[in-house]
>>> print(open('upload_20.txt').read())   # compact mmCIF, C-alpha atoms
# COMPACT_ATOMS: atom_id res chain seq x y z
CA MET A 1 2.10 10.06 -9.15
CA ASP A 2 0.90 7.12 -11.16
CA TYR A 3 -1.68 4.52 -10.32
CA LYS A 4 -3.14 1.36 -11.73
CA GLU A 5 -6.48 -0.15 -10.83
CA SER A 6 -7.04 -3.85 -10.32
CA LYS A 7 -9.81 -5.73 -8.61
CA GLY A 8 -11.29 -2.50 -7.33
CA SER A 9 -8.04 -1.42 -5.63
CA TYR A 10 -5.45 1.10 -6.73
CA LEU A 11 -1.70 0.62 -6.61
CA ILE A 12 -0.25 4.12 -6.36
CA ARG A 13 3.35 5.07 -6.94
CA LEU A 14 4.69 8.44 -5.91
CA TYR A 15 7.87 9.98 -7.25
CA LYS A 16 10.87 11.65 -5.66
CA ASP A 17 10.16 15.19 -4.45
CA GLU A 18 6.39 14.95 -4.84
CA ASN A 19 4.35 16.26 -1.94
CA LEU A 20 2.57 13.26 -0.49
CA PHE A 21 -0.69 15.05 0.33
CA ASP A 22 -0.83 16.90 -2.99
CA ALA A 23 -0.25 13.67 -4.88
CA LEU A 24 -2.81 11.64 -2.95
CA GLY A 25 -5.23 14.56 -3.20
CA ASP A 26 -4.76 14.56 -6.97
CA PHE A 27 -5.38 10.82 -6.95
CA ALA A 28 -8.68 11.35 -5.12
CA LYS A 29 -9.73 14.10 -7.54
CA GLU A 30 -8.85 12.10 -10.64
CA THR A 31 -10.57 8.92 -9.51
CA LYS A 32 -13.46 10.77 -7.83
CA VAL A 33 -13.29 8.26 -5.00
CA THR A 34 -14.28 9.81 -1.67
CA CYS A 35 -13.83 6.99 0.83
CA GLY A 36 -11.31 4.23 1.39
CA THR A 37 -8.14 3.16 3.11
CA PHE A 38 -4.41 3.52 2.45
CA ASN A 39 -1.46 1.30 3.35
CA GLY A 40 2.07 1.70 2.10
CA ILE A 41 5.82 1.99 2.35
CA GLY A 42 8.64 4.00 0.79
CA ALA A 43 10.91 6.81 1.93
CA LEU A 44 9.90 10.33 2.94
CA LYS A 45 11.52 13.64 3.93
CA ASN A 46 10.29 16.92 5.40
CA CYS A 47 7.75 15.05 7.49
CA GLU A 48 5.64 17.25 9.71
CA LEU A 49 4.35 15.04 12.51
CA GLY A 50 1.63 15.79 15.02
CA PHE A 51 0.63 14.59 18.47
CA TYR A 52 -2.83 15.53 19.67
CA HIS A 53 -3.16 16.80 23.21
CA LEU A 54 -6.75 16.18 24.14
CA GLU A 55 -6.61 18.12 27.40
CA ASP A 56 -6.05 21.42 25.59
CA LYS A 57 -7.33 20.33 22.18
CA HIS A 58 -4.29 21.13 20.12
CA TYR A 59 -1.71 19.35 18.02
CA ASP A 60 1.97 19.65 18.82
CA ARG A 61 3.71 19.73 15.47
CA LYS A 62 7.34 19.05 14.64
CA LEU A 63 9.18 19.00 11.34
CA PHE A 64 11.61 16.15 10.65
CA ALA A 65 13.52 17.27 7.57
CA ASN A 66 15.78 14.21 7.26
CA GLU A 67 15.15 11.42 4.83
CA ALA A 68 13.44 8.51 6.56
CA GLU A 69 12.33 5.06 5.59
CA LEU A 70 8.54 5.03 5.47
CA LEU A 71 7.98 1.89 7.52
CA SER A 72 4.23 2.14 7.75
CA LEU A 73 1.67 4.48 6.28
CA VAL A 74 -1.87 3.72 7.41
CA GLY A 75 -4.69 6.08 6.65
CA ASN A 76 -8.05 6.79 5.17
CA LEU A 77 -9.96 9.07 2.86
CA SER A 78 -13.25 10.68 3.83
CA LEU A 79 -15.00 14.01 3.25
CA LEU A 80 -14.45 17.19 5.23
CA ASP A 81 -16.57 20.17 4.15
CA ASN A 82 -17.54 18.03 1.15
CA LYS A 83 -13.93 17.82 -0.01
CA PRO A 84 -11.61 14.79 0.08
CA PHE A 85 -9.69 14.64 3.35
CA LEU A 86 -6.69 12.43 4.09
CA HIS A 87 -6.10 11.12 7.60
CA ILE A 88 -2.69 9.47 7.76
CA HIS A 89 -0.55 8.11 10.58
CA THR A 90 2.99 6.99 9.98
CA VAL A 91 5.97 5.21 11.49
CA LEU A 92 9.31 6.42 10.15
CA GLY A 93 12.72 4.76 10.32
CA ALA A 94 15.94 6.71 10.93
CA SER A 95 19.43 5.85 9.68
CA ASP A 96 20.27 4.22 13.03
CA PHE A 97 17.14 2.01 12.69
CA SER A 98 15.34 3.81 15.49
CA THR A 99 11.75 4.73 14.76
CA TYR A 100 9.55 7.75 15.31
CA GLY A 101 6.15 8.78 14.12
CA GLY A 102 2.84 10.49 14.55
CA HIS A 103 -0.13 11.97 12.77
CA LEU A 104 1.22 13.10 9.40
CA PHE A 105 0.52 16.69 8.41
CA SER A 106 2.89 16.99 5.48
CA ALA A 107 5.69 15.08 3.76
CA ASP A 108 7.67 14.93 0.56
CA VAL A 109 8.71 11.75 -1.16
CA ALA A 110 12.45 11.13 -0.62
CA VAL A 111 12.85 8.16 -2.92
CA THR A 112 9.54 6.49 -3.75
CA ALA A 113 6.25 5.60 -2.14
CA GLU A 114 4.28 2.45 -2.91
CA ILE A 115 0.75 2.71 -1.61
CA ILE A 116 -2.34 0.57 -1.97
CA PHE A 117 -5.69 2.33 -1.83
CA ARG A 118 -8.85 0.31 -1.35
CA PRO A 119 -12.04 2.27 -2.02
CA LEU A 120 -15.20 1.92 0.00
CA ASP A 121 -18.50 2.77 -1.64
CA LEU A 122 -19.50 4.99 1.25
CA GLU A 123 -20.01 8.71 1.76
CA ILE A 124 -18.49 9.42 5.14
CA HIS A 125 -18.24 13.00 6.32
CA ARG A 126 -16.00 14.29 9.07
CA GLU A 127 -17.87 16.56 11.43
CA PRO A 128 -16.61 18.66 14.32
CA ASP A 129 -16.73 17.04 17.74
CA GLU A 130 -16.58 19.98 20.12
CA LYS A 131 -15.68 17.93 23.18
CA ILE A 132 -12.71 16.44 21.37
CA GLY A 133 -11.78 19.41 19.24
CA LEU A 134 -11.38 17.44 16.00
CA SER A 135 -13.50 16.58 12.99
CA LEU A 136 -14.26 12.89 13.27
CA LEU A 137 -15.98 10.32 11.10
CA ASN A 138 -19.76 10.62 11.17
CA MET A 139 -20.93 7.04 10.86
CA CYS A 140 -24.57 7.63 11.70
CA GLY A 141 -26.08 10.25 9.52
CA HIS A 142 -25.92 11.57 6.01
CA GLY A 143 -23.19 14.00 6.90
CA ALA A 144 -22.92 17.65 6.09
CA SER A 145 -24.38 17.52 2.62
CA MET B 1 -18.64 1.54 18.10
CA ASP B 2 -20.25 2.03 14.74
CA TYR B 3 -19.52 0.33 11.48
CA LYS B 4 -20.56 0.48 7.86
CA GLU B 5 -20.17 -2.28 5.32
CA SER B 6 -19.07 -1.70 1.77
CA LYS B 7 -17.69 -4.05 -0.85
CA GLY B 8 -17.46 -6.81 1.71
CA SER B 9 -15.31 -4.75 4.10
CA TYR B 10 -16.27 -2.93 7.28
CA LEU B 11 -15.21 0.57 8.26
CA ILE B 12 -15.34 0.62 12.05
CA ARG B 13 -15.28 3.71 14.20
CA LEU B 14 -14.64 3.49 17.93
CA TYR B 15 -15.52 6.22 20.38
CA LYS B 16 -13.64 7.92 23.22
CA ASP B 17 -13.36 5.76 26.34
CA GLU B 18 -14.53 2.54 24.67
CA ASN B 19 -12.50 -0.55 25.42
CA LEU B 20 -10.93 -1.57 22.13
CA PHE B 21 -11.26 -5.32 22.65
CA ASP B 22 -14.82 -5.12 23.96
CA ALA B 23 -15.85 -2.98 21.00
CA LEU B 24 -14.19 -5.17 18.37
CA GLY B 25 -15.56 -8.24 20.14
CA ASP B 26 -19.06 -6.73 19.91
CA PHE B 27 -18.42 -6.05 16.23
CA ALA B 28 -17.54 -9.71 15.68
CA LYS B 29 -20.64 -10.88 17.56
CA GLU B 30 -23.00 -8.53 15.71
CA THR B 31 -21.67 -9.35 12.27
CA LYS B 32 -21.10 -13.04 13.07
CA VAL B 33 -17.85 -12.86 11.12
CA THR B 34 -15.22 -15.22 12.53
CA CYS B 35 -12.17 -14.59 10.36
CA GLY B 36 -10.51 -11.57 8.82
CA THR B 37 -7.92 -8.85 9.20
CA PHE B 38 -7.78 -5.43 10.85
CA ASN B 39 -5.80 -2.31 10.01
CA GLY B 40 -6.26 1.08 11.57
CA ILE B 41 -5.23 4.32 13.25
CA GLY B 42 -6.47 6.61 16.02
CA ALA B 43 -5.44 7.40 19.57
CA LEU B 44 -5.40 5.03 22.53
CA LYS B 45 -4.75 5.09 26.28
CA ASN B 46 -4.31 2.48 29.00
CA CYS B 47 -2.50 0.22 26.55
CA GLU B 48 -1.31 -3.04 28.02
CA LEU B 49 1.49 -4.27 25.80
CA GLY B 50 3.12 -7.68 25.74
CA PHE B 51 6.41 -9.15 24.61
CA TYR B 52 6.57 -12.92 24.30
CA HIS B 53 9.63 -14.65 25.72
CA LEU B 54 9.81 -17.93 23.88
CA GLU B 55 12.56 -19.39 26.06
CA ASP B 56 10.31 -19.47 29.12
CA LYS B 57 6.99 -19.26 27.30
CA HIS B 58 5.55 -16.22 28.96
CA TYR B 59 4.50 -12.71 28.07
CA ASP B 60 6.03 -9.74 29.81
CA ARG B 61 3.23 -7.24 30.18
CA LYS B 62 3.40 -3.52 30.83
CA LEU B 63 0.69 -0.90 31.12
CA PHE B 64 1.17 2.42 29.33
CA ALA B 65 -1.56 4.64 30.76
CA ASN B 66 -0.72 7.78 28.76
CA GLU B 67 -2.64 8.83 25.70
CA ALA B 68 -0.79 7.78 22.57
CA GLU B 69 -1.27 8.21 18.85
CA LEU B 70 -2.23 4.84 17.40
CA LEU B 71 0.22 4.81 14.52
CA SER B 72 -0.48 1.28 13.36
CA LEU B 73 -2.94 -1.38 14.41
CA VAL B 74 -2.52 -4.63 12.51
CA GLY B 75 -4.35 -7.74 13.54
CA ASN B 76 -6.67 -10.57 12.78
CA LEU B 77 -9.76 -12.37 13.92
CA SER B 78 -9.92 -16.14 14.29
CA LEU B 79 -11.53 -18.65 16.63
CA LEU B 80 -10.17 -19.81 19.97
CA ASP B 81 -12.28 -22.38 21.80
CA ASN B 82 -14.94 -21.68 19.16
CA LYS B 83 -15.16 -18.04 20.20
CA PRO B 84 -13.95 -14.96 18.30
CA PHE B 85 -10.34 -14.15 19.22
CA LEU B 86 -8.52 -10.92 18.39
CA HIS B 87 -4.78 -10.95 17.76
CA ILE B 88 -3.53 -7.37 17.53
CA HIS B 89 -0.07 -5.79 17.38
CA THR B 90 0.39 -2.08 17.61
CA VAL B 91 2.85 0.75 17.24
CA LEU B 92 2.10 3.75 19.45
CA GLY B 93 3.39 7.31 19.23
CA ALA B 94 4.30 9.37 22.29
CA SER B 95 4.10 13.15 22.68
CA ASP B 96 7.81 13.49 21.84
CA PHE B 97 7.21 11.52 18.61
CA SER B 98 9.11 8.50 19.88
CA THR B 99 7.40 5.18 19.31
CA TYR B 100 6.81 2.03 21.30
CA GLY B 101 4.70 -1.03 20.87
CA GLY B 102 4.00 -4.70 21.26
CA HIS B 103 1.33 -7.35 21.33
CA LEU B 104 -1.80 -5.54 22.50
CA PHE B 105 -3.61 -7.08 25.46
CA SER B 106 -5.92 -4.22 26.30
CA ALA B 107 -6.54 -0.58 25.42
CA ASP B 108 -9.10 2.16 25.68
CA VAL B 109 -9.86 4.65 22.97
CA ALA B 110 -8.38 8.05 23.86
CA VAL B 111 -9.89 10.08 21.02
CA THR B 112 -11.09 7.90 18.17
CA ALA B 113 -10.13 4.78 16.28
CA GLU B 114 -10.69 4.28 12.56
CA ILE B 115 -10.31 0.64 11.61
CA ILE B 116 -10.92 -1.32 8.45
CA PHE B 117 -11.90 -4.96 8.83
CA ARG B 118 -11.77 -7.27 5.83
CA PRO B 119 -13.53 -10.59 6.39
CA LEU B 120 -12.26 -13.90 5.08
CA ASP B 121 -14.75 -16.66 4.44
CA LEU B 122 -12.67 -19.14 6.44
CA GLU B 123 -13.05 -20.97 9.72
CA ILE B 124 -9.62 -20.82 11.29
CA HIS B 125 -9.15 -22.12 14.81
CA ARG B 126 -6.27 -21.32 17.13
CA GLU B 127 -4.90 -24.43 18.76
CA PRO B 128 -2.29 -24.83 21.46
CA ASP B 129 1.28 -25.36 20.28
CA GLU B 130 3.00 -26.89 23.29
CA LYS B 131 6.52 -26.26 22.04
CA ILE B 132 5.77 -22.58 21.61
CA GLY B 133 3.36 -22.13 24.46
CA LEU B 134 0.75 -20.20 22.47
CA SER B 135 -2.44 -20.95 20.58
CA LEU B 136 -1.60 -20.50 16.92
CA LEU B 137 -3.55 -20.56 13.67
CA ASN B 138 -4.40 -24.07 12.55
CA MET B 139 -4.25 -23.86 8.78
CA CYS B 140 -4.41 -27.56 8.03
CA GLY B 141 -7.35 -29.22 9.67
CA HIS B 142 -10.92 -28.56 10.61
CA GLY B 143 -9.89 -27.14 13.95
CA ALA B 144 -11.37 -27.84 17.34
CA SER B 145 -14.99 -28.13 16.28
CA MET C 1 4.27 -22.04 5.35
CA ASP C 2 0.61 -22.68 4.82
CA TYR C 3 -2.00 -20.52 3.20
CA LYS C 4 -5.70 -20.47 2.56
CA GLU C 5 -7.49 -18.47 -0.10
CA SER C 6 -10.75 -16.67 0.49
CA LYS C 7 -12.46 -13.90 -1.44
CA GLY C 8 -9.41 -13.49 -3.63
CA SER C 9 -7.04 -12.95 -0.68
CA TYR C 10 -4.60 -15.32 0.96
CA LEU C 11 -4.13 -15.81 4.69
CA ILE C 12 -0.55 -17.03 5.08
CA ARG C 13 0.89 -18.61 8.19
CA LEU C 14 4.63 -19.04 8.62
CA TYR C 15 6.22 -21.42 11.06
CA LYS C 16 9.01 -21.11 13.62
CA ASP C 17 12.49 -21.02 12.06
CA GLU C 18 11.27 -20.56 8.48
CA ASN C 19 13.06 -17.91 6.47
CA LEU C 20 10.49 -15.21 5.78
CA PHE C 21 11.67 -14.42 2.25
CA ASP C 22 12.06 -18.05 1.25
CA ALA C 23 8.57 -18.85 2.52
CA LEU C 24 6.90 -15.88 0.85
CA GLY C 25 8.87 -16.60 -2.32
CA ASP C 26 7.56 -20.16 -2.25
CA PHE C 27 4.08 -18.78 -1.77
CA ALA C 28 4.48 -16.61 -4.88
CA LYS C 29 5.81 -19.53 -6.91
CA GLU C 30 3.04 -21.91 -5.82
CA THR C 31 0.22 -19.46 -6.43
CA LYS C 32 1.85 -17.94 -9.54
CA VAL C 33 0.70 -14.52 -8.37
CA THR C 34 3.12 -11.78 -9.42
CA CYS C 35 1.62 -8.64 -7.91
CA GLY C 36 -0.09 -7.71 -4.67
CA THR C 37 0.32 -6.40 -1.16
CA PHE C 38 1.24 -7.88 2.22
CA ASN C 39 0.26 -6.91 5.75
CA GLY C 40 0.96 -8.90 8.87
CA ILE C 41 2.16 -9.52 12.40
CA GLY C 42 4.04 -12.18 14.35
CA ALA C 43 7.51 -12.52 15.83
CA LEU C 44 10.82 -12.55 13.97
CA LYS C 45 14.53 -13.08 14.66
CA ASN C 46 17.75 -12.58 12.71
CA CYS C 47 16.29 -9.51 11.05
CA GLU C 48 18.61 -7.77 8.64
CA LEU C 49 17.38 -4.20 8.32
CA GLY C 50 18.38 -1.59 5.77
CA PHE C 51 18.35 2.19 5.53
CA TYR C 52 18.86 3.67 2.09
CA HIS C 53 21.25 6.58 1.79
CA LEU C 54 20.20 8.37 -1.36
CA GLU C 55 23.21 10.69 -1.44
CA ASP C 56 25.63 7.82 -2.06
CA LYS C 57 23.09 5.29 -3.30
CA HIS C 58 23.73 2.51 -0.85
CA TYR C 59 21.93 0.67 1.91
CA ASP C 60 23.35 0.56 5.40
CA ARG C 61 22.55 -2.91 6.69
CA LYS C 62 22.46 -4.18 10.24
CA LEU C 63 21.60 -7.56 11.67
CA PHE C 64 19.34 -7.74 14.73
CA ALA C 65 19.62 -11.32 15.91
CA ASN C 66 17.27 -11.04 18.90
CA GLU C 67 13.71 -12.23 18.85
CA ALA C 68 11.36 -9.33 18.23
CA GLU C 69 7.63 -8.85 18.06
CA LEU C 70 6.68 -8.18 14.45
CA LEU C 71 4.51 -5.14 15.03
CA SER C 72 3.96 -4.27 11.40
CA LEU C 73 4.93 -5.89 8.15
CA VAL C 74 3.87 -3.88 5.10
CA GLY C 75 5.06 -4.80 1.66
CA ASN C 76 4.36 -5.72 -1.89
CA LEU C 77 5.12 -8.23 -4.60
CA SER C 78 6.19 -7.23 -8.10
CA LEU C 79 8.57 -8.51 -10.77
CA LEU C 80 12.30 -7.86 -10.96
CA ASP C 81 14.07 -9.41 -13.93
CA ASN C 82 10.80 -11.28 -14.57
CA LYS C 83 11.02 -12.99 -11.17
CA PRO C 84 8.86 -12.37 -8.09
CA PHE C 85 10.39 -9.68 -5.89
CA LEU C 86 9.35 -8.87 -2.32
CA HIS C 87 9.61 -5.32 -1.01
CA ILE C 88 8.97 -5.31 2.71
CA HIS C 89 9.30 -2.69 5.45
CA THR C 90 8.87 -3.58 9.07
CA VAL C 91 8.53 -2.21 12.58
CA LEU C 92 9.87 -4.51 15.28
CA GLY C 93 9.23 -4.48 19.02
CA ALA C 94 11.95 -5.21 21.58
CA SER C 95 11.52 -6.77 25.02
CA ASP C 96 11.49 -3.30 26.63
CA PHE C 97 8.67 -2.26 24.26
CA SER C 98 10.93 0.08 22.33
CA THR C 99 10.65 -0.18 18.57
CA TYR C 100 13.06 -0.24 15.66
CA GLY C 101 12.77 -0.99 12.00
CA GLY C 102 13.72 -0.51 8.40
CA HIS C 103 13.69 -2.04 4.96
CA LEU C 104 13.74 -5.79 5.58
CA PHE C 105 16.45 -7.76 3.78
CA SER C 106 16.16 -11.03 5.65
CA ALA C 107 14.44 -12.55 8.67
CA ASP C 108 13.56 -15.84 10.28
CA VAL C 109 10.29 -16.56 12.00
CA ALA C 110 10.79 -16.61 15.78
CA VAL C 111 7.34 -17.83 16.78
CA THR C 112 4.79 -17.38 14.02
CA ALA C 113 3.84 -14.93 11.30
CA GLU C 114 0.26 -14.21 10.24
CA ILE C 115 0.18 -12.38 6.96
CA ILE C 116 -2.58 -11.39 4.59
CA PHE C 117 -1.71 -11.16 0.90
CA ARG C 118 -4.07 -9.43 -1.49
CA PRO C 119 -3.29 -10.04 -5.16
CA LEU C 120 -3.57 -7.44 -7.87
CA ASP C 121 -4.18 -8.56 -11.41
CA LEU C 122 -1.31 -6.45 -12.70
CA GLU C 123 2.08 -7.11 -14.20
CA ILE C 124 4.35 -4.54 -12.60
CA HIS C 125 8.08 -4.70 -13.26
CA ARG C 126 10.77 -3.04 -11.20
CA GLU C 127 13.28 -1.24 -13.38
CA PRO C 128 16.53 0.46 -12.49
CA ASP C 129 16.32 4.17 -11.78
CA GLU C 130 19.88 5.36 -12.22
CA LYS C 131 19.39 8.69 -10.47
CA ILE C 132 18.06 6.93 -7.39
CA GLY C 133 20.14 3.77 -7.57
CA LEU C 134 17.25 1.37 -6.97
CA SER C 135 14.87 -0.70 -9.05
CA LEU C 136 11.48 0.96 -8.70
CA LEU C 137 7.96 0.15 -9.84
CA ASN C 138 7.41 0.87 -13.50
CA MET C 139 3.80 2.01 -13.64
CA CYS C 140 3.81 3.34 -17.19
CA GLY C 141 5.03 0.76 -19.63
CA HIS C 142 4.95 -2.92 -20.19
CA GLY C 143 8.09 -3.43 -18.15
CA ALA C 144 11.13 -5.47 -19.00
CA SER C 145 9.36 -8.35 -20.70
>>> encode(input="upload_20.txt", output="structure tokens")
Amino acid sequence: MDYKESKGSYLIRLYKDENLFDALGDFAKETKVTCGTFNGIGALKNCELGFYHLEDKHYDRKLFANEAELLSLVGNLSLLDNKPFLHIHTVLGASDFSTYGGHLFSADVAVTAEIIFRPLDLEIHREPDEKIGLSLLNMCGHGAS
Amino acid sequence: MDYKESKGSYLIRLYKDENLFDALGDFAKETKVTCGTFNGIGALKNCELGFYHLEDKHYDRKLFANEAELLSLVGNLSLLDNKPFLHIHTVLGASDFSTYGGHLFSADVAVTAEIIFRPLDLEIHREPDEKIGLSLLNMCGHGAS
Amino acid sequence: MDYKESKGSYLIRLYKDENLFDALGDFAKETKVTCGTFNGIGALKNCELGFYHLEDKHYDRKLFANEAELLSLVGNLSLLDNKPFLHIHTVLGASDFSTYGGHLFSADVAVTAEIIFRPLDLEIHREPDEKIGLSLLNMCGHGAS
């Protein structure tokens, strides 16, 4: 993972076989940024996707081992238990140009990933929402600190 | 709907069962911003999608009531008849990780929506293009005012 | 193609029947920007999509002539051989609301395209990676200049 800062944004490049979440987590640690948004493209493999079933409050998870074009990575960085937390959704492209996607739990870089990160100067904590069963952005208070 | 401003951008959070267009319309009214771009993720339901048929100048519309992962929301804010107008396209993820999408006419929040809005200090009006049958961004003039 | 600058970003509008890459290439030439990111929506036709097969280092390419909703365009601008180079991935929406996509090699505008470009004040060169078979972002050095 390498990154360059310009105009308050970070262009991040990930390398073949890097774990996407480890690399972006390292980026967050190194820059000490705790809030912002991601957008990017590239090619991934070993993508574990999730679909959240609200009625029984659980994620279905499925591993897609094949290499896929990363057609769209959209996500954000916030704090969960005072640690950086990545929330990423993705659309992937298969070799027949069909697409699939979901909430991204894990992925490795197949070829490259080219991601822009735009920091926000906010401290936003995720806090458990018991009715929904997920930790969601707390926009109102000072969070868990 | 809650939002926080930082560095000239707005992090917007929508809540379960909110109407996406009503909430983003309220955001535009409260902030008095009239131009900018959206990008976000979350989970939606009751999504009315459109596909524009240029040859007969009409949208096919279809309602997808099921909860879906919001894999990508990309859109913009401009003025139509001097009022804020949202133009949003979306890719949705189904429980089997297949994807579908289109021009978004309406949607409710199923779980949450996490959207970044970046204002532009422009006054861009949509004006009817009779050959195309849609109101498109007028980049040249002073618009309808 | 028309564009307006605000707050250091460019709102770009493309017109029916324009070639997407020609128009965005003209934009890069006119503004003399050499690095930044794209995000946008609209409707395209004559989309040539690619899927990269790493094992034999070649792109499968396929032309999709039909008009499609442009659900997500994500990409970036860098330098290849000291000339502006566009790297764009896209998710397209068909008339039945199914989606498809890939690396975008070529496309014409079917109706309109509404794209935000955010410049970075960086000089990033793409350089050949022989193991991968593609020219990738060189984040470390001064590039090919």
>>> atom_distance(input="upload_20.txt", atom1="CA of Ser98 (chain A)", atom2="CA of Asp96 (chain B)")
13.8 Å
>>> interface_residues(input="upload_20.txt", of="chain C", to="chain B", cutoff="6 Å", atoms="all atoms listed in the file", output="list in words")
Ser6, Leu71, Gly93, Ser95, Phe97, Ser98 and Thr99 of chain C
>>> residues_around(input="upload_20.txt", residues="region 64-70 of chain C", least_positions_apart="6", cutoff="6 Å", atoms="only C-alpha atoms", output="list of chain:residue names")
C:Ile41, C:Gly42, C:Ala43, C:Leu44, C:Lys45, C:Asn46, C:Cys47, C:Leu92, C:Gly93, C:Ala94
>>> residues_around(input="upload_20.txt", residues="region 26-31 of chain B", least_positions_apart="4", cutoff="8 Å", atoms="only C-alpha atoms", output="list of chain:residue names")
B:Met1, B:Asp22, B:Pro84
>>> axis_aligned_box(input="upload_20.txt", around="region 111-124 of chain C", padding_each_side="3 Å", output="AutoDock Vina command-line options")
--center_x 1.6 --center_y -11.2 --center_z 1.3 --size_x 17.5 --size_y 19.3 --size_z 37.0
>>> atom_distance(input="upload_20.txt", atom1="CA of Asp129 (chain A)", atom2="CA of Val111 (chain B)")
10.3 Å
>>> atom_distance(input="upload_20.txt", atom1="CA of Thr34 (chain A)", atom2="CA of Phe105 (chain A)")
19.2 Å
>>> closest_residue(input="upload_20.txt", among="B:Lys16, B:Lys32, B:His125, B:Lys4", to="Asp81 (chain B)", atoms="all atoms listed in the file")
B:His125
